[in-house]
>>> print(open('model-v1.tsv').read())   # TSV, C-alpha atoms
chain	number	residue	atom	x	y	z
A	1	MET	CA	105.10	-98.42	-80.22
A	2	GLY	CA	106.68	-101.89	-80.32
A	3	GLU	CA	109.46	-100.93	-77.88
A	4	GLN	CA	106.92	-99.54	-75.41
A	5	ALA	CA	104.81	-102.71	-75.73
A	6	SER	CA	107.89	-104.76	-74.91
A	7	LYS	CA	108.49	-102.70	-71.77
A	8	ILE	CA	104.88	-103.12	-70.69
A	9	GLY	CA	105.07	-106.86	-71.29
A	10	LYS	CA	108.15	-107.16	-69.09
A	11	LYS	CA	106.52	-105.02	-66.44
A	12	LEU	CA	103.49	-107.31	-66.30
A	13	GLU	CA	105.43	-110.56	-66.44
A	14	GLY	CA	104.98	-112.76	-63.38
A	15	PHE	CA	102.22	-110.87	-61.59
A	16	GLY	CA	99.84	-109.13	-63.94
A	17	GLU	CA	99.78	-110.73	-67.34
A	18	LYS	CA	98.04	-114.04	-66.60
A	19	LEU	CA	96.60	-113.38	-63.16
A	20	PHE	CA	93.22	-111.93	-64.01
A	21	THR	CA	92.52	-113.88	-67.18
A	22	GLY	CA	92.99	-116.89	-64.89
A	23	PHE	CA	90.11	-115.55	-62.83
A	24	GLY	CA	87.80	-115.23	-65.83
A	25	TRP	CA	88.32	-111.55	-66.61
A	26	ASN	CA	88.28	-110.47	-70.27
A	27	GLU	CA	91.22	-108.51	-71.64
A	28	LEU	CA	89.91	-105.70	-73.84
A	29	ALA	CA	93.04	-103.66	-74.44
A	30	ARG	CA	96.71	-103.65	-73.52
A	31	ASP	CA	99.29	-100.87	-73.73
A	32	THR	CA	96.73	-98.47	-75.19
A	33	GLU	CA	97.19	-94.74	-75.51
A	34	ILE	CA	94.19	-92.41	-75.30
A	35	GLN	CA	93.98	-88.66	-75.71
A	36	CYS	CA	93.49	-86.61	-72.56
A	37	ALA	CA	90.10	-84.89	-72.62
A	38	ARG	CA	91.02	-82.53	-69.76
A	39	LYS	CA	94.52	-81.39	-70.69
A	40	SER	CA	94.53	-78.22	-68.62
A	41	TYR	CA	93.35	-80.07	-65.52
A	42	HIS	CA	95.29	-83.32	-65.88
A	43	LYS	CA	98.44	-81.58	-67.21
A	44	LYS	CA	98.88	-84.33	-69.84
A	45	GLN	CA	98.37	-84.77	-73.55
A	46	THR	CA	97.69	-88.52	-73.41
A	47	HIS	CA	97.09	-91.33	-70.95
A	48	GLY	CA	98.56	-94.82	-71.24
A	49	LEU	CA	96.43	-97.78	-70.16
A	50	ASP	CA	98.44	-100.86	-69.17
A	51	LEU	CA	95.39	-103.11	-69.18
A	52	LEU	CA	91.67	-102.62	-69.68
A	53	MET	CA	89.59	-105.61	-68.61
A	54	ASN	CA	86.02	-106.43	-67.66
A	55	PHE	CA	83.89	-109.11	-66.08
A	56	SER	CA	80.16	-109.56	-65.49
A	57	ASN	CA	79.26	-108.26	-62.04
A	58	PRO	CA	76.00	-109.89	-60.82
A	59	TYR	CA	75.60	-107.22	-58.15
A	60	LEU	CA	75.83	-104.31	-60.60
A	61	GLY	CA	73.77	-106.11	-63.23
A	62	CYS	CA	76.28	-105.19	-65.92
A	63	LYS	CA	79.86	-105.70	-67.03
A	64	GLN	CA	82.33	-103.99	-64.73
A	65	GLY	CA	85.24	-102.42	-66.56
A	66	ILE	CA	88.54	-102.00	-64.77
A	67	VAL	CA	91.73	-100.18	-65.71
A	68	ILE	CA	94.78	-101.94	-64.31
A	69	GLU	CA	98.03	-100.06	-63.85
A	70	CYS	CA	101.13	-102.14	-63.04
A	71	LYS	CA	104.24	-100.86	-61.29
A	72	ASN	CA	107.23	-103.17	-60.86
A	73	ARG	CA	109.91	-101.43	-58.77
A	74	GLN	CA	112.56	-101.90	-56.15
A	75	MET	CA	111.18	-101.22	-52.70
A	76	ARG	CA	113.30	-98.09	-52.29
A	77	SER	CA	111.58	-96.63	-55.38
A	78	ILE	CA	108.12	-97.21	-53.92
A	79	THR	CA	107.56	-94.02	-51.91
A	80	GLN	CA	104.64	-92.04	-50.58
A	81	ALA	CA	105.06	-89.41	-53.28
A	82	GLU	CA	105.19	-92.02	-56.06
A	83	ILE	CA	102.08	-93.87	-54.87
A	84	ASP	CA	100.20	-90.58	-54.56
A	85	LYS	CA	101.25	-89.73	-58.12
A	86	TRP	CA	100.33	-93.19	-59.49
A	87	LEU	CA	96.94	-93.00	-57.81
A	88	SER	CA	96.19	-89.56	-59.26
A	89	GLU	CA	97.32	-90.64	-62.74
A	90	LEU	CA	95.13	-93.75	-62.63
A	91	ILE	CA	92.07	-91.75	-61.61
A	92	ASN	CA	92.72	-89.23	-64.38
A	93	ALA	CA	93.17	-92.02	-66.94
A	94	ILE	CA	89.86	-93.63	-65.97
A	95	GLU	CA	88.14	-90.27	-66.12
A	96	CYS	CA	89.25	-89.83	-69.73
A	97	ALA	CA	88.78	-93.48	-70.65
A	98	GLN	CA	85.07	-93.23	-69.86
A	99	SER	CA	84.51	-91.19	-73.01
A	100	ALA	CA	87.67	-91.89	-75.02
A	101	PRO	CA	86.97	-92.23	-78.77
A	102	GLU	CA	89.89	-94.70	-78.99
A	103	LEU	CA	87.84	-97.15	-76.88
A	104	ILE	CA	84.49	-96.84	-78.67
A	105	ASP	CA	84.93	-100.15	-80.48
A	106	ILE	CA	86.16	-101.85	-77.31
A	107	LYS	CA	83.67	-100.76	-74.70
A	108	SER	CA	80.18	-102.24	-74.78
A	109	ASP	CA	77.05	-100.27	-73.92
A	110	ASP	CA	76.47	-102.38	-70.82
A	111	MET	CA	79.96	-101.79	-69.38
A	112	ASN	CA	80.42	-99.62	-66.31
A	113	LEU	CA	83.90	-98.06	-66.27
A	114	ASN	CA	84.62	-96.36	-62.97
A	115	THR	CA	87.05	-98.81	-61.34
A	116	GLY	CA	90.82	-99.01	-61.27
A	117	LEU	CA	93.36	-101.42	-59.82
A	118	LEU	CA	96.87	-100.24	-59.01
A	119	LEU	CA	99.28	-103.18	-58.77
A	120	ILE	CA	102.52	-102.24	-57.01
A	121	HIS	CA	105.10	-105.02	-56.98
A	122	ALA	CA	108.41	-104.76	-55.15
A	123	ASN	CA	110.84	-106.95	-57.08
A	124	ASP	CA	113.34	-107.14	-54.21
A	125	ALA	CA	112.80	-107.25	-50.42
A	126	TYR	CA	109.18	-106.24	-49.73
A	127	ASN	CA	108.51	-104.10	-46.65
A	128	LYS	CA	104.86	-104.68	-45.76
A	129	GLU	CA	104.89	-102.37	-42.75
A	130	LEU	CA	106.21	-99.49	-44.81
A	131	PHE	CA	103.83	-100.22	-47.70
A	132	ASP	CA	100.82	-100.26	-45.35
A	133	LYS	CA	101.99	-96.95	-43.88
A	134	TYR	CA	102.03	-95.41	-47.35
A	135	LEU	CA	98.48	-96.61	-48.01
A	136	SER	CA	97.21	-95.21	-44.71
A	137	ASN	CA	98.60	-91.78	-45.66
A	138	LEU	CA	97.33	-91.69	-49.24
A	139	LYS	CA	96.19	-88.39	-50.66
A	140	VAL	CA	93.05	-89.21	-52.61
A	141	PRO	CA	91.96	-86.51	-55.06
A	142	SER	CA	88.23	-85.83	-54.98
A	143	ARG	CA	86.04	-86.18	-58.06
A	144	ARG	CA	82.51	-85.09	-58.89
A	145	ASN	CA	81.74	-88.58	-60.17
A	146	PRO	CA	83.06	-91.31	-57.87
A	147	ILE	CA	85.86	-93.54	-59.15
A	148	ASN	CA	86.72	-96.66	-57.17
A	149	ILE	CA	90.40	-97.52	-56.84
A	150	PHE	CA	91.84	-100.74	-55.41
A	151	ILE	CA	95.53	-101.02	-54.55
A	152	ALA	CA	97.46	-104.27	-54.26
A	153	GLY	CA	101.02	-104.89	-53.10
A	154	ASN	CA	103.14	-108.03	-52.99
A	155	GLU	CA	100.97	-109.64	-50.33
A	156	GLU	CA	97.77	-109.45	-52.39
A	157	ILE	CA	99.52	-110.34	-55.65
A	158	ASN	CA	101.07	-113.47	-54.11
A	159	ARG	CA	97.78	-114.49	-52.51
A	160	TRP	CA	95.85	-114.14	-55.76
A	161	ASN	CA	98.47	-116.02	-57.75
A	162	SER	CA	98.43	-118.81	-55.17
A	163	LEU	CA	94.64	-119.02	-55.30
A	164	ARG	CA	94.64	-119.20	-59.09
A	165	ALA	CA	97.35	-121.89	-59.06
A	166	LYS	CA	95.46	-123.89	-56.42
A	167	ILE	CA	92.25	-123.93	-58.45
A	168	GLU	CA	94.03	-124.89	-61.67
A	169	LYS	CA	96.02	-127.67	-59.96
A	170	ASP	CA	93.50	-129.33	-57.62
A	171	TYR	CA	90.03	-128.57	-58.96
A	172	SER	CA	88.10	-129.39	-62.11
A	173	ASN	CA	87.00	-127.28	-65.06
A	174	ASN	CA	83.59	-127.16	-63.38
A	175	PHE	CA	84.94	-124.91	-60.61
A	176	GLN	CA	82.81	-121.78	-60.16
A	177	PHE	CA	82.69	-118.89	-57.74
A	178	ILE	CA	79.43	-118.27	-55.90
A	179	TYR	CA	77.94	-114.81	-55.56
A	180	PRO	CA	75.67	-115.02	-52.50
A	181	SER	CA	72.34	-113.23	-52.38
A	182	ILE	CA	72.79	-109.64	-51.21
A	183	GLU	CA	69.94	-107.16	-50.68
A	184	GLY	CA	67.43	-109.26	-52.59
A	185	SER	CA	69.69	-110.31	-55.46
A	186	ASN	CA	69.61	-113.92	-56.59
A	187	MET	CA	72.46	-116.24	-55.72
A	188	GLU	CA	74.51	-116.81	-58.86
A	189	MET	CA	77.61	-118.72	-59.94
A	190	GLY	CA	80.25	-118.07	-62.56
A	191	LYS	CA	83.83	-118.71	-63.65
A	192	PHE	CA	84.98	-115.22	-62.73
A	193	ILE	CA	85.78	-113.66	-59.37
A	194	THR	CA	84.81	-110.05	-58.80
A	195	ILE	CA	87.28	-107.39	-57.67
A	196	ASN	CA	85.41	-107.11	-54.36
A	197	GLN	CA	85.69	-110.85	-53.78
A	198	LEU	CA	89.45	-110.68	-54.32
A	199	TYR	CA	89.64	-108.37	-51.33
A	200	SER	CA	87.12	-110.31	-49.21
A	201	LYS	CA	88.03	-112.39	-46.19
A	202	TYR	CA	85.67	-115.16	-47.31
A	203	VAL	CA	84.77	-116.41	-50.79
A	204	PHE	CA	82.26	-119.15	-51.67
A	205	ALA	CA	82.78	-121.53	-54.55
A	206	GLN	CA	81.55	-124.82	-55.99
A	207	ASP	CA	83.16	-127.70	-57.85
A	208	ILE	CA	81.54	-130.73	-59.49
A	209	THR	CA	83.42	-133.97	-60.03
A	210	GLU	CA	82.25	-137.17	-61.69
A	211	ILE	CA	82.14	-140.40	-59.64
A	212	LYS	CA	82.24	-143.64	-61.66
A	213	ARG	CA	79.66	-146.30	-60.76
A	214	SER	CA	78.43	-149.45	-62.43
A	215	GLU	CA	75.16	-151.36	-62.37
A	216	GLY	CA	74.34	-154.49	-64.31
A	217	GLY	CA	77.66	-154.32	-66.06
A	218	VAL	CA	76.99	-150.75	-67.25
A	219	GLU	CA	79.30	-148.01	-66.04
A	220	TYR	CA	77.93	-144.50	-65.55
A	221	SER	CA	78.99	-141.21	-63.97
A	222	VAL	CA	77.35	-139.52	-61.01
A	223	PRO	CA	78.08	-135.82	-60.38
A	224	GLN	CA	79.34	-135.00	-56.89
A	225	VAL	CA	78.90	-131.40	-55.73
A	226	LYS	CA	81.52	-129.82	-53.51
A	227	LYS	CA	80.67	-126.60	-51.71
A	228	ILE	CA	83.78	-124.62	-50.89
A	229	LEU	CA	84.50	-121.76	-48.51
A	230	LEU	CA	87.83	-120.00	-48.94
A	231	SER	CA	89.10	-118.13	-45.91
A	232	PHE	CA	91.69	-115.37	-46.04
A	233	ASP	CA	90.83	-114.26	-42.52
A	234	GLU	CA	93.07	-114.59	-39.49
A	235	ILE	CA	92.93	-118.23	-38.43
A	236	SER	CA	91.24	-118.67	-35.04
A	237	SER	CA	88.47	-120.62	-33.32
A	238	ASP	CA	86.16	-117.63	-33.70
A	239	SER	CA	86.74	-117.57	-37.46
A	240	PHE	CA	85.93	-121.31	-37.59
A	241	LYS	CA	82.58	-120.66	-35.90
A	242	TYR	CA	81.81	-117.79	-38.25
A	243	MET	CA	82.67	-119.88	-41.31
A	244	TRP	CA	80.32	-122.65	-40.21
A	245	SER	CA	77.51	-120.18	-39.49
A	246	MET	CA	77.83	-118.79	-43.03
A	247	PHE	CA	77.89	-122.29	-44.48
A	248	LYS	CA	74.66	-123.13	-42.69
A	249	SER	CA	72.96	-119.84	-43.53
A	250	PHE	CA	73.27	-120.67	-47.24
A	251	GLN	CA	72.34	-124.32	-46.58
A	252	PHE	CA	75.52	-125.56	-48.23
A	253	GLN	CA	75.92	-128.41	-45.74
A	254	ASP	CA	73.69	-130.58	-47.95
A	255	ALA	CA	76.48	-130.99	-50.53
A	256	LYS	CA	78.32	-134.30	-50.87
A	257	GLU	CA	81.59	-132.70	-49.80
A	258	LEU	CA	82.19	-129.61	-47.68
A	259	VAL	CA	85.57	-128.03	-48.36
A	260	PHE	CA	87.07	-125.42	-46.06
A	261	MET	CA	90.14	-123.88	-47.66
A	262	PHE	CA	92.55	-121.76	-45.61
A	263	TYR	CA	95.39	-119.37	-46.41
A	264	PRO	CA	97.99	-119.75	-43.63
A	265	ARG	CA	100.01	-116.71	-42.62
A	266	LYS	CA	101.87	-117.94	-39.52
A	267	GLN	CA	104.10	-120.95	-39.01
A	268	ASP	CA	101.62	-122.84	-36.82
A	269	ASP	CA	98.42	-121.99	-38.74
A	270	VAL	CA	98.20	-125.32	-40.59
A	271	GLU	CA	98.68	-127.36	-37.43
A	272	PHE	CA	96.15	-125.19	-35.58
A	273	VAL	CA	93.50	-125.74	-38.27
A	274	ARG	CA	94.04	-129.49	-38.35
A	275	ASP	CA	93.93	-129.77	-34.56
A	276	ASN	CA	91.04	-127.41	-33.86
A	277	PHE	CA	88.67	-126.91	-36.81
A	278	ILE	CA	86.54	-130.05	-36.38
A	279	LYS	CA	86.86	-129.82	-32.60
A	280	THR	CA	85.45	-126.28	-32.70
A	281	LEU	CA	82.45	-127.32	-34.84
A	282	TYR	CA	81.55	-129.93	-32.21
A	283	GLN	CA	81.49	-127.13	-29.63
A	284	VAL	CA	79.06	-124.82	-31.45
A	285	VAL	CA	75.33	-124.92	-30.72
A	286	PRO	CA	73.92	-126.98	-32.29
A	287	ALA	CA	77.04	-129.09	-32.72
A	288	ILE	CA	77.80	-130.89	-35.97
A	289	LYS	CA	77.04	-134.61	-36.21
A	290	PRO	CA	79.42	-137.39	-37.30
A	291	GLU	CA	77.75	-137.61	-40.72
A	292	ILE	CA	78.62	-133.95	-41.30
A	293	GLU	CA	82.19	-134.45	-40.12
A	294	SER	CA	82.59	-137.28	-42.63
A	295	LYS	CA	81.82	-134.84	-45.47
A	296	ILE	CA	84.25	-132.13	-44.34
A	297	LYS	CA	87.58	-131.72	-46.11
A	298	ILE	CA	90.26	-129.25	-45.01
A	299	ASP	CA	92.48	-127.76	-47.69
A	300	PHE	CA	95.20	-125.10	-47.84
A	301	ILE	CA	96.31	-122.49	-50.34
A	302	ASP	CA	100.07	-122.17	-50.72
A	303	ASN	CA	101.54	-119.07	-49.11
A	304	ARG	CA	104.71	-118.28	-51.06
A	305	ASN	CA	106.17	-116.50	-48.05
A	306	MET	CA	106.21	-119.78	-46.14
A	307	SER	CA	107.92	-123.09	-46.83
A	308	PRO	CA	105.93	-125.99	-48.39
A	309	VAL	CA	106.18	-127.86	-45.08
A	310	ASP	CA	104.47	-125.00	-43.25
A	311	VAL	CA	101.44	-125.16	-45.55
A	312	GLY	CA	101.16	-128.91	-45.59
A	313	GLY	CA	102.94	-129.46	-48.89
A	314	LYS	CA	105.54	-132.08	-49.75
>>> encode(input="model-v1.tsv", output="structure tokens")
Amino acid sequence: MGEQASKIGKKLEGFGEKLFTGFGWNELARDTEIQCARKSYHKKQTHGLDLLMNFSNPYLGCKQGIVIECKNRQMRSITQAEIDKWLSELINAIECAQSAPELIDIKSDDMNLNTGLLLIHANDAYNKELFDKYLSNLKVPSRRNPINIFIAGNEEINRWNSLRAKIEKDYSNNFQFIYPSIEGSNMEMGKFITINQLYSKYVFAQDITEIKRSEGGVEYSVPQVKKILLSFDEISSDSFKYMWSMFKSFQFQDAKELVFMFYPRKQDDVEFVRDNFIKTLYQVVPAIKPEIESKIKIDFIDNRNMSPVDVGGK
């Protein structure tokens, strides 16, 4: 099994291995083989699990287990038929993993395992238009018990890696994601990001830094709270207004620093944000005041498909 583990390791390298542990997910198993419980239906003797991970989901009230399957191919090898096959195999693997005796010592009683993530990475020239066409024509096999499958291509993988790198580079160990109140749930915070948040257009977060002060010759630290809103939406004046309305609805404007972090996709996105974000907030009703403007910081997540100059880097 050592040779197979080596192949899996190489397949994960660069886009799967460190990505989700960097977001606070727990790795439970890697390169694990389980017996197929439905051999006549699945047409297999065993299933191979690239990665089995979990994280605490505040909205489910339990740990959410997720089987991650990683495919690293040339774009010409990523076809409609292959994606359909990979999707079906992942669903079948999850179906058997739910009751697999090989995972009894790994799975906890409070873990819900009905989610999969299919990572498809083109290791040469990525064709987004073609990839999106494949996804729109997916053949999804039906199941009696629902299984949720998320699919990510180069665009999502690059965005998530850039987000993880940004947090590690520019924010403190106190950085936490915020899980807003939904349908009566309490607002919570944690080190992990949920799978749904990874696919969201907007994600809330918080960071706390220490400011040094002195009084009477005694130096002490004062915590400074930063409320952060990450935007992966299309950059426009309308999105600026929506971001500010969400910020106010959660009363985050009381923080010492208000950080609005953008992910640019077009060459002029950074310039547009810098020229128009504050200007737009002065045009909303009621408009922001100068004391609010003084607390606002604009930040950008590196888009690896653009040059450092385009995203405000050096």
>>> atom_distance(input="model-v1.tsv", atom1="CA of Lys44 (chain A)", atom2="CA of Ser88 (chain A)")
12.1 Å
>>> closest_residue(input="model-v1.tsv", among="A:Leu230, A:Glu33, A:Leu113, A:Ala125", to="Asn148 (chain A)", atoms="all atoms listed in the file")
A:Leu113
>>> closest_residue(input="model-v1.tsv", among="A:Glu89, A:Glu168, A:Glu188, A:Glu156", to="Ser56 (chain A)", atoms="all atoms listed in the file")
A:Glu188
>>> residues_around(input="model-v1.tsv", residues="Gln35 (chain A)", least_positions_apart="2", cutoff="9 Å", atoms="all atoms listed in the file", output="list of chain:residue names")
A:Glu33, A:Ala37, A:Lys39, A:Lys44, A:Gln45, A:Thr46, A:His47, A:Gly48, A:Cys96, A:Ala97, A:Ala100, A:Pro101, A:Glu102
>>> closest_residue(input="model-v1.tsv", among="A:Val225, A:Val218, A:Met261, A:Val140", to="Val203 (chain A)", atoms="all atoms listed in the file")
A:Met261
>>> closest_atom_pairs(input="model-v1.tsv", of="region 86-174 of chain A", to="region 189-199 of chain A", cutoff="10 Å", atoms="only C-alpha atoms", output="Markdown table")
| residue | atom | partner | partner_atom | distance |
| --- | --- | --- | --- | --- |
| A:Thr115 | CA | A:Ile195 | CA | 9.3 |
| A:Gly116 | CA | A:Ile195 | CA | 9.8 |
| A:Leu117 | CA | A:Ile195 | CA | 8.8 |
| A:Phe150 | CA | A:Ile195 | CA | 8.4 |
| A:Ile151 | CA | A:Tyr199 | CA | 10.0 |
| A:Ala152 | CA | A:Tyr199 | CA | 9.3 |
| A:Glu156 | CA | A:Tyr199 | CA | 8.3 |
| A:Arg159 | CA | A:Leu198 | CA | 9.3 |
| A:Trp160 | CA | A:Leu198 | CA | 7.4 |
| A:Leu163 | CA | A:Leu198 | CA | 9.9 |
| A:Asn173 | CA | A:Lys191 | CA | 9.2 |
| A:Asn174 | CA | A:Lys191 | CA | 8.5 |
>>> write_last_selection(input="model-v1.tsv", atoms="C-alpha atoms", output="PDB file, in the coordinates of the input")
ATOM      1  CA  THR A 115      87.050 -98.810 -61.340  1.00  0.00           C
ATOM      2  CA  GLY A 116      90.820 -99.010 -61.270  1.00  0.00           C
ATOM      3  CA  LEU A 117      93.360-101.420 -59.820  1.00  0.00           C
ATOM      4  CA  PHE A 150      91.840-100.740 -55.410  1.00  0.00           C
ATOM      5  CA  ILE A 151      95.530-101.020 -54.550  1.00  0.00           C
ATOM      6  CA  ALA A 152      97.460-104.270 -54.260  1.00  0.00           C
ATOM      7  CA  GLU A 156      97.770-109.450 -52.390  1.00  0.00           C
ATOM      8  CA  ARG A 159      97.780-114.490 -52.510  1.00  0.00           C
ATOM      9  CA  TRP A 160      95.850-114.140 -55.760  1.00  0.00           C
ATOM     10  CA  LEU A 163      94.640-119.020 -55.300  1.00  0.00           C
ATOM     11  CA  ASN A 173      87.000-127.280 -65.060  1.00  0.00           C
ATOM     12  CA  ASN A 174      83.590-127.160 -63.380  1.00  0.00           C
TER      13      ASN A 174
END
>>> closest_residue(input="model-v1.tsv", among="A:Ile278, A:Leu258, A:Met187, A:Ala81", to="Lys295 (chain A)", atoms="only C-alpha atoms")
A:Leu258
>>> residues_near_point(input="model-v1.tsv", point="(97.9, -120.2, -49.9)", cutoff="7 Å", atoms="all atoms listed in the file", output="ChimeraX atom specification")
/A:159,162-163,263-264,300-303
>>> write_last_selection(input="model-v1.tsv", atoms="C-alpha atoms", output="CSV table (one decimal), keeping the file's coordinate frame")
chain,number,residue,atom,x,y,z
A,159,ARG,CA,97.8,-114.5,-52.5
A,162,SER,CA,98.4,-118.8,-55.2
A,163,LEU,CA,94.6,-119.0,-55.3
A,263,TYR,CA,95.4,-119.4,-46.4
A,264,PRO,CA,98.0,-119.8,-43.6
A,300,PHE,CA,95.2,-125.1,-47.8
A,301,ILE,CA,96.3,-122.5,-50.3
A,302,ASP,CA,100.1,-122.2,-50.7
A,303,ASN,CA,101.5,-119.1,-49.1
>>> closest_residue(input="model-v1.tsv", among="A:Arg265, A:Arg274, A:Arg213, A:Arg30", to="Asp233 (chain A)", atoms="all atoms listed in the file")
A:Arg265
>>> atom_distance(input="model-v1.tsv", atom1="CA of Phe55 (chain A)", atom2="CA of Gly24 (chain A)")
7.3 Å
>>> closest_residue(input="model-v1.tsv", among="A:Ile178, A:Met111, A:Ile208, A:Val285", to="Gly61 (chain A)", atoms="only C-alpha atoms")
A:Met111
>>> residues_around(input="model-v1.tsv", residues="Leu229 (chain A)", least_positions_apart="5", cutoff="7 Å", atoms="all atoms listed in the file", output="MDAnalysis selection string")
chainID A and resid 202:205 259:261
>>> atom_distance(input="model-v1.tsv", atom1="CA of Phe272 (chain A)", atom2="CA of Ser231 (chain A)")
14.4 Å
>>> residues_around(input="model-v1.tsv", residues="Lys248 (chain A)", least_positions_apart="2", cutoff="12 Å", atoms="all atoms listed in the file", output="PyMOL selection string")
chain A and resi 227+229+241-246+250-255+258+281+286-288+292
>>> decode(input="model-v1.tsv", residues="region 82-89 of chain A", atoms="all heavy atoms", output="compact mmCIF listing (two decimals), in the first residue's frame")
# COMPACT_ATOMS: atom_id res chain seq x y z
N GLU A 82 -15.82 11.55 -17.66
CA GLU A 82 -14.98 11.33 -16.49
C GLU A 82 -15.58 11.99 -15.24
O GLU A 82 -15.60 11.39 -14.16
CB GLU A 82 -13.57 11.87 -16.73
CG GLU A 82 -12.72 11.01 -17.64
CD GLU A 82 -12.39 9.67 -16.99
OE1 GLU A 82 -11.44 9.61 -16.20
OE2 GLU A 82 -13.11 8.69 -17.28
N ILE A 83 -16.05 13.21 -15.38
CA ILE A 83 -16.64 13.90 -14.21
C ILE A 83 -17.89 13.18 -13.74
O ILE A 83 -18.11 13.01 -12.54
CB ILE A 83 -16.94 15.37 -14.54
CG1 ILE A 83 -15.65 16.13 -14.87
CG2 ILE A 83 -17.64 16.04 -13.36
CD1 ILE A 83 -15.86 17.58 -15.26
N ASP A 84 -18.71 12.73 -14.69
CA ASP A 84 -19.90 11.95 -14.32
C ASP A 84 -19.50 10.70 -13.54
O ASP A 84 -20.13 10.33 -12.54
CB ASP A 84 -20.70 11.55 -15.57
CG ASP A 84 -21.47 12.71 -16.18
OD1 ASP A 84 -21.72 13.70 -15.47
OD2 ASP A 84 -21.80 12.64 -17.38
N LYS A 85 -18.44 10.04 -14.01
CA LYS A 85 -17.96 8.81 -13.35
C LYS A 85 -17.41 9.13 -11.96
O LYS A 85 -17.72 8.44 -10.99
CB LYS A 85 -16.88 8.14 -14.20
CG LYS A 85 -16.36 6.83 -13.61
CD LYS A 85 -15.22 6.26 -14.43
CE LYS A 85 -13.93 7.06 -14.19
NZ LYS A 85 -12.75 6.43 -14.83
N TRP A 86 -16.59 10.19 -11.85
CA TRP A 86 -16.01 10.57 -10.56
C TRP A 86 -17.11 10.93 -9.56
O TRP A 86 -17.02 10.58 -8.39
CB TRP A 86 -15.06 11.75 -10.73
CG TRP A 86 -13.86 11.45 -11.55
CD1 TRP A 86 -13.28 10.22 -11.75
CD2 TRP A 86 -13.08 12.38 -12.31
NE1 TRP A 86 -12.19 10.33 -12.58
CE2 TRP A 86 -12.04 11.64 -12.93
CE3 TRP A 86 -13.14 13.76 -12.52
CZ2 TRP A 86 -11.09 12.25 -13.75
CZ3 TRP A 86 -12.19 14.37 -13.33
CH2 TRP A 86 -11.18 13.61 -13.94
N LEU A 87 -18.13 11.62 -10.04
CA LEU A 87 -19.23 12.01 -9.16
C LEU A 87 -19.95 10.77 -8.63
O LEU A 87 -20.22 10.66 -7.43
CB LEU A 87 -20.21 12.91 -9.92
CG LEU A 87 -21.49 13.30 -9.19
CD1 LEU A 87 -21.18 14.13 -7.95
CD2 LEU A 87 -22.43 14.07 -10.12
N SER A 88 -20.26 9.84 -9.52
CA SER A 88 -20.96 8.61 -9.12
C SER A 88 -20.12 7.81 -8.13
O SER A 88 -20.64 7.30 -7.13
CB SER A 88 -21.28 7.78 -10.36
OG SER A 88 -21.94 6.58 -10.00
N GLU A 89 -18.82 7.70 -8.39
CA GLU A 89 -17.94 6.94 -7.51
C GLU A 89 -17.84 7.59 -6.13
O GLU A 89 -17.79 6.89 -5.11
CB GLU A 89 -16.54 6.84 -8.13
CG GLU A 89 -16.48 5.91 -9.32
CD GLU A 89 -15.10 5.88 -9.98
OE1 GLU A 89 -14.28 6.77 -9.67
OE2 GLU A 89 -14.86 4.97 -10.79
